[in-house]
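Participant: So I've got this file, work_0.cif, and it contains mmCIF, C-alpha atoms and all ligand atoms:
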```cif
data_upload
loop_
_atom_site.label_atom_id
_atom_site.label_comp_id
_atom_site.auth_asym_id
_atom_site.auth_seq_id
_atom_site.Cartn_x
_atom_site.Cartn_y
_atom_site.Cartn_z
CA MET A 1 -17.19 29.35 43.42
CA THR A 2 -16.47 30.48 39.84
CA ARG A 3 -17.97 28.04 37.37
CA ILE A 4 -15.87 27.03 34.34
CA LEU A 5 -17.86 24.99 31.84
CA ILE A 6 -16.28 23.21 28.86
CA VAL A 7 -18.58 21.85 26.16
CA GLY A 8 -17.12 19.23 23.80
CA ALA A 9 -14.36 16.72 24.59
CA GLY A 10 -12.59 16.66 21.24
CA TYR A 11 -9.01 17.79 20.65
CA ALA A 12 -9.55 21.37 21.82
CA GLY A 13 -11.87 20.62 24.77
CA MET A 14 -9.87 17.68 26.11
CA THR A 15 -6.60 19.59 25.91
CA ALA A 16 -8.11 22.56 27.76
CA ALA A 17 -9.60 20.20 30.36
CA THR A 18 -6.29 18.37 30.83
CA HIS A 19 -4.54 21.68 31.55
CA LEU A 20 -7.14 22.64 34.16
CA ASP A 21 -7.12 19.16 35.68
CA ARG A 22 -3.34 19.24 36.16
CA ILE A 23 -3.58 22.40 38.27
CA SER A 24 -6.75 21.17 40.09
CA GLU A 25 -8.76 24.13 38.80
CA PRO A 26 -12.43 23.07 39.19
CA PHE A 27 -14.48 22.77 35.98
CA THR A 28 -17.35 20.84 34.43
CA LEU A 29 -16.98 19.13 31.07
CA ILE A 30 -20.08 18.22 29.06
CA ASN A 31 -19.74 15.80 26.16
CA LYS A 32 -22.07 13.54 24.17
CA HIS A 33 -20.08 10.44 25.09
CA SER A 34 -18.21 9.28 28.17
CA TYR A 35 -15.13 8.82 25.99
CA HIS A 36 -12.81 11.00 23.90
CA TYR A 37 -12.31 9.67 20.38
CA PHE A 38 -9.40 10.28 18.02
CA THR A 39 -11.08 11.90 15.02
CA THR A 40 -7.85 11.99 13.02
CA LEU A 41 -7.75 8.17 13.10
CA LEU A 42 -11.38 7.47 12.22
CA HIS A 43 -10.42 6.42 8.69
CA GLU A 44 -8.51 3.53 10.27
CA ALA A 45 -11.64 2.40 12.13
CA ALA A 46 -13.81 2.79 9.01
CA GLY A 47 -11.25 0.97 6.88
CA GLY A 48 -11.17 -2.03 9.17
CA ARG A 49 -7.64 -1.59 10.58
CA GLY A 50 -8.80 -1.83 14.18
CA GLU A 51 -12.00 -2.11 16.19
CA PRO A 52 -13.67 1.32 16.66
CA PHE A 53 -13.27 1.21 20.48
CA HIS A 54 -9.48 1.19 20.03
CA TYR A 55 -9.79 4.76 18.79
CA ALA A 56 -11.29 6.14 21.98
CA ILE A 57 -10.37 6.54 25.60
CA PRO A 58 -12.66 6.99 28.64
CA ILE A 59 -12.57 10.67 29.63
CA ARG A 60 -12.14 9.68 33.26
CA GLN A 61 -8.98 7.77 32.38
CA VAL A 62 -7.48 11.15 31.42
CA LEU A 63 -9.16 13.54 33.90
CA ARG A 64 -8.54 11.86 37.23
CA ARG A 65 -8.81 14.65 39.79
CA ALA A 66 -11.88 15.00 42.01
CA SER A 67 -11.89 18.76 41.24
CA SER A 68 -13.43 18.11 37.80
CA GLU A 69 -16.92 16.95 36.91
CA VAL A 70 -17.78 15.08 33.70
CA VAL A 71 -21.37 15.18 32.44
CA VAL A 72 -22.45 12.95 29.56
CA ASP A 73 -25.21 14.85 27.77
CA GLU A 74 -26.00 16.59 24.51
CA VAL A 75 -25.68 20.37 24.33
CA VAL A 76 -28.72 21.83 22.58
CA GLY A 77 -28.49 25.58 23.18
CA ILE A 78 -26.74 28.58 24.73
CA ASP A 79 -28.60 31.26 26.65
CA ARG A 80 -26.05 34.07 26.53
CA GLU A 81 -28.13 36.50 28.60
CA ARG A 82 -28.43 34.12 31.56
CA ARG A 83 -25.00 32.48 30.95
CA VAL A 84 -26.54 29.03 30.78
CA ILE A 85 -25.89 26.01 28.56
CA ARG A 86 -28.98 23.97 27.77
CA THR A 87 -28.62 20.24 27.35
CA ALA A 88 -31.01 17.44 26.42
CA THR A 89 -31.68 16.84 30.11
CA GLY A 90 -31.23 20.19 31.87
CA GLU A 91 -29.33 23.45 32.25
CA HIS A 92 -25.77 24.27 33.31
CA PRO A 93 -24.90 27.81 34.40
CA TYR A 94 -21.41 29.16 33.80
CA ASP A 95 -19.22 32.12 34.65
CA TRP A 96 -16.69 31.18 31.95
CA LEU A 97 -17.55 29.02 28.96
CA VAL A 98 -15.16 27.04 26.74
CA PHE A 99 -16.98 26.22 23.51
CA THR A 100 -15.34 23.35 21.60
CA LEU A 101 -18.15 21.36 19.98
CA GLY A 102 -16.19 20.83 16.74
CA TRP A 103 -17.63 20.50 13.27
CA ILE A 104 -20.50 19.26 11.18
CA PRO A 105 -20.35 18.35 7.47
CA GLU A 106 -20.65 21.13 4.88
CA TYR A 107 -22.79 19.93 1.94
CA PHE A 108 -22.53 23.16 -0.12
CA GLY A 109 -26.23 22.87 -0.97
CA ILE A 110 -25.64 19.88 -3.29
CA PRO A 111 -29.09 18.29 -3.70
CA GLY A 112 -29.40 14.82 -2.16
CA LEU A 113 -25.88 14.76 -0.73
CA ARG A 114 -26.93 14.93 2.93
CA GLU A 115 -29.63 12.28 2.50
CA HIS A 116 -27.67 9.77 0.41
CA SER A 117 -24.09 9.88 1.66
CA LEU A 118 -22.24 8.63 4.71
CA VAL A 119 -19.95 10.92 6.71
CA LEU A 120 -16.90 9.97 8.76
CA SER A 121 -17.40 12.05 11.89
CA ASN A 122 -17.31 9.85 15.00
CA LEU A 123 -16.94 6.27 16.19
CA GLU A 124 -20.52 5.33 15.30
CA THR A 125 -20.25 6.67 11.76
CA ALA A 126 -16.87 4.94 11.30
CA ARG A 127 -18.54 1.69 12.35
CA SER A 128 -21.53 2.26 10.04
CA ILE A 129 -19.28 2.98 7.04
CA ARG A 130 -17.43 -0.26 7.66
CA GLU A 131 -20.64 -2.26 8.15
CA HIS A 132 -22.25 -0.66 5.10
CA ILE A 133 -19.34 -1.66 2.86
CA GLU A 134 -19.38 -5.19 4.30
CA SER A 135 -23.10 -5.51 3.64
CA GLU A 136 -22.71 -4.22 0.06
CA PHE A 137 -19.97 -6.78 -0.58
CA HIS A 138 -22.22 -9.52 0.86
CA ALA A 139 -25.00 -8.29 -1.46
CA TYR A 140 -22.62 -8.72 -4.43
CA VAL A 141 -22.02 -12.32 -3.39
CA GLN A 142 -25.83 -12.83 -3.50
CA ASP A 143 -26.71 -11.08 -6.79
CA GLY A 144 -23.44 -10.49 -8.68
CA ASP A 145 -24.21 -6.78 -9.27
CA VAL A 146 -20.82 -5.02 -9.40
CA ARG A 147 -22.34 -1.69 -8.35
CA HIS A 148 -22.24 -3.07 -4.79
CA LEU A 149 -18.44 -3.12 -5.08
CA ARG A 150 -18.07 0.52 -6.19
CA ILE A 151 -17.25 3.12 -3.52
CA VAL A 152 -17.29 6.85 -4.20
CA VAL A 153 -15.44 9.12 -1.78
CA GLY A 154 -16.35 12.78 -2.39
CA GLY A 155 -13.55 15.18 -1.45
CA ALA A 156 -9.79 14.63 -1.70
CA GLY A 157 -8.50 16.66 1.24
CA LEU A 158 -6.79 15.02 4.20
CA THR A 159 -9.86 13.03 5.32
CA GLY A 160 -10.81 11.79 1.85
CA VAL A 161 -7.30 10.76 0.86
CA GLU A 162 -6.57 9.03 4.16
CA LEU A 163 -9.85 7.13 3.92
CA VAL A 164 -9.14 6.06 0.34
CA GLY A 165 -5.67 4.83 1.36
CA GLU A 166 -7.18 2.82 4.18
CA LEU A 167 -9.95 1.30 2.01
CA LEU A 168 -7.42 0.21 -0.63
CA ASN A 169 -5.60 -1.68 2.09
CA TRP A 170 -8.72 -3.31 3.54
CA LEU A 171 -10.81 -4.24 0.47
CA PRO A 172 -8.48 -6.96 -0.91
CA ARG A 173 -8.65 -8.69 2.49
CA LEU A 174 -12.43 -8.38 2.58
CA CYS A 175 -12.57 -9.89 -0.94
CA VAL A 176 -10.48 -12.86 0.16
CA GLN A 177 -12.81 -13.42 3.15
CA LEU A 178 -15.91 -13.37 0.93
CA GLY A 179 -14.45 -15.15 -2.10
CA ILE A 180 -14.69 -12.07 -4.37
CA ASP A 181 -12.15 -11.39 -7.13
CA PRO A 182 -9.97 -8.59 -5.60
CA ALA A 183 -9.75 -6.91 -9.03
CA LEU A 184 -13.48 -6.13 -9.02
CA PRO A 185 -13.99 -3.44 -6.32
CA GLU A 186 -13.52 0.14 -7.46
CA VAL A 187 -12.73 3.17 -5.29
CA GLN A 188 -13.34 6.53 -6.96
CA ASN A 189 -12.13 9.69 -5.20
CA ILE A 190 -13.94 12.67 -6.71
CA GLU A 191 -12.67 16.21 -6.12
CA ALA A 192 -14.00 19.50 -7.51
CA MET A 193 -10.65 21.32 -7.11
CA PRO A 194 -7.72 20.86 -9.54
CA THR A 195 -5.61 18.84 -7.05
CA ILE A 196 -5.83 16.35 -4.23
CA LEU A 197 -4.31 17.20 -0.82
CA PRO A 198 -3.98 20.98 -1.23
CA GLN A 199 -2.18 21.09 2.15
CA VAL A 200 1.09 19.59 0.80
CA SER A 201 3.57 20.60 -1.92
CA GLU A 202 3.10 19.63 -5.55
CA SER A 203 5.83 16.96 -5.57
CA LEU A 204 4.29 15.27 -2.51
CA ARG A 205 0.85 15.41 -4.12
CA GLU A 206 2.32 13.71 -7.17
CA SER A 207 3.79 11.03 -4.94
CA ALA A 208 0.40 10.53 -3.22
CA VAL A 209 -1.32 10.27 -6.61
CA GLN A 210 1.19 7.63 -7.75
CA THR A 211 0.85 5.58 -4.54
CA LEU A 212 -2.95 5.61 -4.53
CA THR A 213 -3.25 4.99 -8.27
CA ARG A 214 -0.80 2.08 -8.06
CA LYS A 215 -2.96 0.58 -5.31
CA GLY A 216 -5.99 0.85 -7.60
CA ALA A 217 -7.77 4.14 -6.76
CA LYS A 218 -9.44 6.14 -9.50
CA LEU A 219 -8.60 9.77 -8.62
CA ARG A 220 -10.72 12.35 -10.38
CA VAL A 221 -9.91 16.05 -9.90
CA ASN A 222 -11.71 19.03 -11.51
CA THR A 223 -14.83 16.91 -11.21
CA LYS A 224 -17.86 18.45 -9.55
CA ILE A 225 -20.58 16.44 -7.84
CA VAL A 226 -23.82 18.27 -8.65
CA GLN A 227 -26.47 15.91 -7.29
CA VAL A 228 -26.72 12.67 -5.35
CA GLU A 229 -29.53 10.16 -5.39
CA ARG A 230 -29.76 6.79 -3.69
CA GLY A 231 -26.78 4.87 -5.14
CA ILE A 232 -26.08 7.49 -7.87
CA VAL A 233 -23.59 10.37 -7.96
CA ARG A 234 -24.33 12.85 -10.73
CA LEU A 235 -21.38 14.88 -12.04
CA GLU A 236 -21.18 18.21 -13.84
CA GLY A 237 -21.28 17.52 -17.56
CA GLY A 238 -23.91 14.81 -17.31
CA GLU A 239 -21.94 11.71 -16.24
CA SER A 240 -23.37 9.53 -13.45
CA VAL A 241 -21.54 7.07 -11.24
CA GLU A 242 -23.57 4.25 -9.68
CA ALA A 243 -22.11 3.10 -6.38
CA GLY A 244 -23.23 0.97 -3.45
CA THR A 245 -21.32 3.23 -1.05
CA ILE A 246 -21.12 7.02 -1.23
CA ILE A 247 -19.04 8.81 1.42
CA TRP A 248 -18.76 12.60 1.74
CA THR A 249 -15.56 14.17 3.11
CA GLY A 250 -15.66 17.38 1.04
CA GLY A 251 -16.07 20.06 3.69
CA VAL A 252 -16.74 21.00 7.29
CA ARG A 253 -18.40 23.89 9.08
CA ALA A 254 -18.47 24.86 12.74
CA HIS A 255 -21.12 23.62 15.12
CA PRO A 256 -24.38 25.50 14.29
CA LEU A 257 -25.13 26.52 17.90
CA LEU A 258 -22.68 29.42 17.60
CA GLN A 259 -24.59 31.02 14.75
CA GLU A 260 -27.91 30.25 16.42
CA ALA A 261 -26.73 32.03 19.58
CA GLY A 262 -25.87 35.16 17.59
CA PHE A 263 -22.06 35.09 17.71
CA THR A 264 -20.21 36.84 14.86
CA VAL A 265 -19.41 34.01 12.44
CA ASP A 266 -17.68 33.59 9.08
CA ARG A 267 -19.13 31.76 6.06
CA ARG A 268 -18.17 28.42 7.65
CA GLY A 269 -20.03 29.24 10.88
CA ARG A 270 -16.83 29.77 12.92
CA ALA A 271 -17.10 32.39 15.65
CA LYS A 272 -14.65 35.29 15.58
CA VAL A 273 -12.20 35.32 18.49
CA ASN A 274 -9.64 37.83 19.73
CA GLU A 275 -5.94 37.09 20.23
CA PHE A 276 -6.71 35.40 23.58
CA LEU A 277 -9.29 33.12 21.91
CA GLN A 278 -12.23 34.87 23.55
CA SER A 279 -15.32 35.56 21.48
CA VAL A 280 -15.27 39.13 20.15
CA ASP A 281 -18.91 39.30 21.30
CA ASP A 282 -18.41 38.05 24.86
CA GLU A 283 -15.11 37.82 26.74
CA ARG A 284 -16.64 35.21 29.08
CA VAL A 285 -16.71 32.74 26.17
CA PHE A 286 -13.52 31.09 24.92
CA ILE A 287 -13.84 29.31 21.57
CA GLY A 288 -11.39 26.74 20.23
CA GLY A 289 -10.71 24.18 17.50
CA ASP A 290 -12.92 23.95 14.42
CA CYS A 291 -15.41 26.39 16.01
CA ALA A 292 -12.94 29.30 16.19
CA TRP A 293 -12.38 31.93 13.52
CA PHE A 294 -8.85 33.08 14.32
CA GLU A 295 -6.84 34.94 11.71
CA GLY A 296 -3.13 34.14 11.52
CA ALA A 297 -0.35 36.61 10.66
CA ASP A 298 -1.23 36.24 6.94
CA GLY A 299 -4.78 37.47 7.65
CA LYS A 300 -6.27 34.06 6.75
CA PRO A 301 -8.27 31.95 9.23
CA VAL A 302 -6.15 29.12 10.66
CA PRO A 303 -7.26 25.80 9.14
CA PRO A 304 -9.62 23.43 10.98
CA THR A 305 -7.11 20.78 12.08
CA ALA A 306 -6.42 18.73 15.18
CA GLN A 307 -3.03 20.37 15.35
CA MET A 308 -4.58 23.84 15.71
CA ALA A 309 -7.34 22.51 17.99
CA THR A 310 -4.84 21.08 20.52
CA GLN A 311 -2.74 24.25 20.47
CA MET A 312 -5.85 26.36 21.03
CA GLY A 313 -7.10 24.03 23.77
CA SER A 314 -3.80 24.26 25.57
CA LEU A 315 -3.85 28.08 25.55
CA ILE A 316 -7.52 28.23 26.51
CA GLY A 317 -6.80 25.97 29.52
CA ASP A 318 -4.18 28.48 30.69
CA ASN A 319 -6.18 31.59 29.81
CA VAL A 320 -9.46 30.59 31.40
CA SER A 321 -7.64 29.83 34.64
CA SER A 322 -5.80 33.18 34.43
CA ALA A 323 -9.10 34.97 33.76
CA VAL A 324 -10.68 33.37 36.85
CA HIS A 325 -7.75 34.52 39.01
CA GLY A 326 -7.44 37.99 37.48
CA GLN A 327 -4.07 37.22 35.85
CA PRO A 328 -3.01 38.53 32.41
CA LEU A 329 -3.99 36.39 29.41
CA LYS A 330 -1.56 35.08 26.78
CA PRO A 331 -2.05 35.62 23.03
CA PHE A 332 -2.46 32.67 20.67
CA ARG A 333 0.57 32.08 18.44
CA PRO A 334 -0.18 29.21 16.04
CA ASN A 335 2.82 26.99 15.44
CA PHE A 336 2.40 25.06 12.18
CA GLN A 337 4.30 21.80 12.52
CA GLY A 338 3.44 20.58 9.02
CA THR A 339 0.90 18.15 7.59
CA LEU A 340 1.07 14.37 7.40
CA ALA A 341 -1.37 12.25 5.44
CA SER A 342 -1.38 8.47 5.71
CA LEU A 343 -1.99 6.51 2.50
CA GLY A 344 -2.71 3.25 4.29
CA PRO A 345 -0.75 1.59 7.06
CA GLU A 346 2.96 2.38 7.05
CA VAL A 347 3.04 4.81 4.11
CA GLY A 348 2.21 8.47 3.74
CA VAL A 349 3.24 11.89 2.49
CA GLY A 350 3.70 15.18 4.25
CA ASP A 351 5.99 17.87 5.41
CA LEU A 352 7.52 18.25 8.83
CA LYS A 353 8.26 21.90 9.46
CA GLY A 354 8.87 22.40 5.74
CA ILE A 355 10.86 19.17 5.21
CA PRO A 356 9.09 16.92 2.68
CA VAL A 357 8.70 13.29 3.71
CA LYS A 358 7.08 10.37 1.92
CA GLY A 359 6.67 6.60 1.89
CA PHE A 360 7.65 4.61 4.94
CA ILE A 361 9.29 7.59 6.73
CA ALA A 362 6.08 9.63 6.47
CA GLY A 363 4.09 6.60 7.68
CA LEU A 364 6.43 6.29 10.66
CA ALA A 365 6.15 10.02 11.42
CA LYS A 366 2.36 9.72 11.33
CA GLU A 367 2.52 6.83 13.84
CA ALA A 368 4.75 9.01 16.06
CA THR A 369 2.10 11.74 16.14
CA LYS A 370 -0.30 9.26 17.78
CA VAL A 371 2.11 8.63 20.65
CA LYS A 372 2.89 12.35 20.95
CA TYR A 373 -0.78 13.19 21.35
CA LEU A 374 -1.33 10.49 23.98
CA TRP A 375 1.71 11.82 25.82
CA GLN A 376 0.28 15.36 25.74
CA LEU A 377 -3.00 14.12 27.16
CA GLY A 378 -1.89 11.73 29.83
CA GLY A 379 1.92 11.72 30.01
CA VAL A 380 3.93 8.52 30.01
CA ARG A 381 1.09 6.51 31.63
CA LEU A 382 -1.33 7.03 28.75
CA ALA A 383 1.31 6.94 26.02
CA PHE A 384 2.46 3.54 27.32
CA ASP A 385 -1.02 2.06 28.00
CA LYS A 386 -2.78 3.10 24.82
CA SER A 387 -0.13 3.42 22.13
CA SER A 388 0.36 -0.35 21.87
CA GLU A 389 -3.27 -0.52 20.69
CA LEU A 390 -2.96 2.34 18.22
CA VAL A 391 0.46 2.11 16.62
CA HIS A 392 0.91 -0.33 13.74
CA MET A 393 -2.41 -1.99 14.30
C1 LIG A 401 -10.93 11.13 9.19
C2 LIG A 401 -10.31 12.45 9.60
C3 LIG A 401 -8.93 12.59 9.53
C4 LIG A 401 -8.34 13.79 9.95
N1 LIG A 401 -6.97 13.86 9.93
C5 LIG A 401 -6.39 14.96 10.43
C6 LIG A 401 -4.96 14.99 10.53
O1 LIG A 401 -4.25 14.07 10.10
N2 LIG A 401 -4.39 16.10 11.08
C7 LIG A 401 -5.14 17.14 11.58
O2 LIG A 401 -4.56 18.09 12.12
N3 LIG A 401 -6.49 17.15 11.50
C8 LIG A 401 -7.14 16.08 10.93
N4 LIG A 401 -8.51 16.04 10.87
C9 LIG A 401 -9.30 17.20 11.35
C10 LIG A 401 -9.45 17.15 12.88
O3 LIG A 401 -9.93 15.89 13.27
C11 LIG A 401 -10.38 18.26 13.39
O4 LIG A 401 -9.86 19.50 12.96
C12 LIG A 401 -10.43 18.21 14.92
O5 LIG A 401 -11.08 17.04 15.35
C13 LIG A 401 -11.14 19.44 15.50
O6 LIG A 401 -11.08 19.38 16.89
P1 LIG A 401 -12.21 20.03 17.81
O7 LIG A 401 -11.80 19.86 19.22
O8 LIG A 401 -12.55 21.38 17.32
O9 LIG A 401 -13.52 19.16 17.51
P2 LIG A 401 -13.76 17.58 17.66
O10 LIG A 401 -12.49 16.85 17.78
O11 LIG A 401 -14.70 17.24 16.54
O12 LIG A 401 -14.54 17.47 19.06
C14 LIG A 401 -15.85 17.92 19.25
C15 LIG A 401 -16.41 17.15 20.44
O13 LIG A 401 -17.68 17.68 20.77
C16 LIG A 401 -18.63 16.63 20.94
N5 LIG A 401 -19.94 17.16 20.58
C17 LIG A 401 -20.35 17.59 19.36
N6 LIG A 401 -21.62 18.06 19.44
C18 LIG A 401 -22.00 17.91 20.74
C19 LIG A 401 -23.19 18.24 21.45
N7 LIG A 401 -24.22 18.82 20.84
N8 LIG A 401 -23.23 17.97 22.76
C20 LIG A 401 -22.17 17.41 23.41
N9 LIG A 401 -21.02 17.08 22.78
C21 LIG A 401 -20.94 17.32 21.47
C22 LIG A 401 -18.15 15.55 19.95
O14 LIG A 401 -18.68 14.28 20.31
C23 LIG A 401 -16.64 15.65 20.15
O15 LIG A 401 -16.23 14.89 21.24
C24 LIG A 401 -9.14 14.87 10.41
C25 LIG A 401 -10.54 14.74 10.45
C26 LIG A 401 -11.13 13.54 10.04
C27 LIG A 401 -12.63 13.39 10.09
#
```
Represent the structure of the file as structure tokens.
Ligand SMILES: Cc1cc2nc3c(=O)[nH]c(=O)nc-3n(C[C@H](O)[C@H](O)[C@H](O)COP(=O)(O)OP(=O)(O)OC[C@H]3O[C@@H](n4cnc5c(N)ncnc54)[C@H](O)[C@@H]3O)c2cc1C

Facilitator:
Amino acid sequence: MTRILIVGAGYAGMTAATHLDRISEPFTLINKHSYHYFTTLLHEAAGGRGEPFHYAIPIRQVLRRASSEVVVDEVVGIDRERRVIRTATGEHPYDWLVFTLGWIPEYFGIPGLREHSLVLSNLETARSIREHIESEFHAYVQDGDVRHLRIVVGGAGLTGVELVGELLNWLPRLCVQLGIDPALPEVQNIEAMPTILPQVSESLRESAVQTLTRKGAKLRVNTKIVQVERGIVRLEGGESVEAGTIIWTGGVRAHPLLQEAGFTVDRRGRAKVNEFLQSVDDERVFIGGDCAWFEGADGKPVPPTAQMATQMGSLIGDNVSSAVHGQPLKPFRPNFQGTLASLGPEVGVGDLKGIPVKGFIAGLAKEATKVKYLWQLGGVRLAFDKSSELVHM
């Protein structure tokens, strides 16, 4: 029997797997956890909106057919010659590989950043960010040192801005619980580029700046982090910011195994794919999501987003099955639906297919994307079961 192996159950891998599962095409899926988590909502878990487990779903609740196998293990290498994936506990041969292991943080060589910052990348890190902030606030209650109440978020793209919005909603409640003056905590969002949220239009950015500033954020653009030490962020020009919590959201790169295995990669470690999302180095390997270097009609690589990852996963599911059965493959045609950024519960900014939206409407549209994704994964059953946990928590 032809062996299809999918590695990584994020947006791209789960969508590909769902497509194969629906047509009972046999495959094996290897993932670090037995659950699929919603990366795009991790800021909600970190910011205390809901318990981390609300933002995940058991993989077997989505993939229900006996034709699929789910292996919980960590992928540690690819042997391209032998067509084998190596994991922490063994080896898995494949005839067709779907590589969707997602991203790791990009630290741009900034000294100390990796060692002294937290990163929002999965359920565990969302939980540790939340617990770290709680413990810093408890420390303030003990010693009165306001540095415990200062949080620096490096990077003001989608992840950074959404996290800041969420923190600004949560911290006043945390202060009330611990008897801290809610005016004391400080959230600084530090960005090297001239603007926050480069994905949206200038007027929407302005609206996001106003909303976040009104809620108390200190937004600092054109400000480069040049070094990080324990509890200290050093900026270009000599200024230092002392903070109990330092979180890095400033960049991502593709999973390093692609580069290690000798695939053709770009400067962000993404492996080059053809129009069918097969590696240009090996047609037996499909690559999707944040790991894929696919150039759109404008010649630029499509951005690393969940939106692109699900569209790629969907096509890969179809194409890998077609490849197995000798059918023609379909080309990838990215369909940009727009960008939505939440600025805390119920408010946001963004554009929907070019139409600018902000405030409550954008917040509502963002909530709708959660239900839409659940629907894509598991139809009405999943959308009904899970969305009550996720929407308006
Ligand atoms: C807080 C936050 C907010 C975001 N908001 C948005 C948004 O609003 N809209 C948007 O479009 N995008 C958003 N993004 C970006 C989006 O989440 C990513 O582009 C998307 O997750 C990429 O999907 P993927 O399938 O490539 O990888 P992932 O979703 O990261 O999945 C990779 C999977 O592989 C598993 N894995 C990794 N390494 C191994 C290993 N060695 N062995 C086994 N398994 C492994 C991981 O556990 C994970 O399940 C956001 C990201 C963050 C962090």

Participant: For ligand LIG 401 (chain A), list the contacting residues at 6 Å or closer, counting only C-alpha atoms and all ligand atoms, as a PyMOL selection string.

Facilitator: chain A and resi 8-13+31-32+36+39-43+73-76+100-103+120-121+158-159+289-291+304-307+309+340-341

Participant: Using all atoms listed in the file for the distances, tell me which of A:Arg270, A:Ala368, A:Glu239, A:His132 is nearest to Ala254 of chain A.

Facilitator: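 Checking each of A:Arg270, A:Ala368, A:Glu239, A:His132 against Ala254 of chain A, counting all atoms listed in the file, the winner is A:Arg270.
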
Participant: Fewer than 3 positions away in the same chain doesn't count, so skip those; otherwise give me all residues within 7 Å of Ser342 of chain A, counting all atoms listed in the file, as number ranges by chain.

Facilitator: A: 162, 347-349, 363, 366

Participant: Which polymer residues have any atom within 8 Å of an atom of segment 134-136 of chain A, counting all atoms listed in the file, with same-chain residues fewer than 4 positions away left out, as a list in words?

Facilitator: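 What passes the distance filter is Arg130, Tyr140, His148, Leu149, Leu174, Gly244 and Thr245 of chain A.
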
Participant: Would you mind listing what lies within 9 Å of Leu178 of chain A as a list in words, with all atoms listed in the file counted and same-chain residues fewer than 3 positions away left out?

Facilitator: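 These residues fall inside the cut-off: Phe137, His138, Val141, Arg173, Leu174 and Cys175 of chain A.
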
Participant: Calculate how many Å separate atom CA of Lys224 of chain A from atom CA of Val209 of chain A, rounding to one decimal.

Facilitator: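 Calculated distance between atom CA of Lys224 of chain A and atom CA of Val209 of chain A is 18.7 Å.
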
Participant: With only C-alpha atoms as the atoms that count, which of A:Gly238, A:Gly231, A:Pro26, A:Gly313 lies nearest to Ala292 of chain A?

Facilitator: A:Gly313

Participant: Point out the residue among A:Gln227, A:Ser67, A:Asn122, A:Asn335 with the least atom-to-atom distance to Tyr107 of chain A, counting all atoms listed in the file.

Facilitator: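 Of all the options, A:Gln227 lies closest to Tyr107 of chain A.
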
Participant: Trp248 of chain A: which residues within 12 Å, counting only C-alpha atoms, same-chain residues fewer than 3 positions away excluded, as a PyMOL selection string?

Facilitator: chain A and resi 104-108+110+112-121+125+129+151-157+159-161+163-164+188-191+225+228+233+245+251-252

Participant: Counting all atoms listed in the file, figure out which residue out of A:Val72, A:Arg86, A:Ser321, A:Glu81 gets nearest to Ile4 of chain A.

Facilitator: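 Checking each of A:Val72, A:Arg86, A:Ser321, A:Glu81 against Ile4 of chain A, counting all atoms listed in the file, the winner is A:Ser321.
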
Participant: Residues near His19 of chain A, anyone? I mean within 12 Å using all atoms listed in the file, not counting same-chain ones fewer than 3 positions away, as number ranges by chain.

Facilitator: A: 12-16, 22-27, 62-63, 65, 68, 310-322, 376-379

Participant: For a test of reading the model, state the distance in Å between atom CA of Leu168 of chain A and atom CA of Lys386 of chain A, rounded to one decimal.

Facilitator: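 If I compute the distance from atom CA of Leu168 of chain A to atom CA of Lys386 of chain A, I get 26.0 Å.
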
Participant: Could you check how far atom CA of Ala297 of chain A sits from atom CA of Gln278 of chain A, in Å to one decimal?

Facilitator: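 Atom CA of Gln278 of chain A lies at a distance of 17.6 Å from atom CA of Ala297 of chain A.
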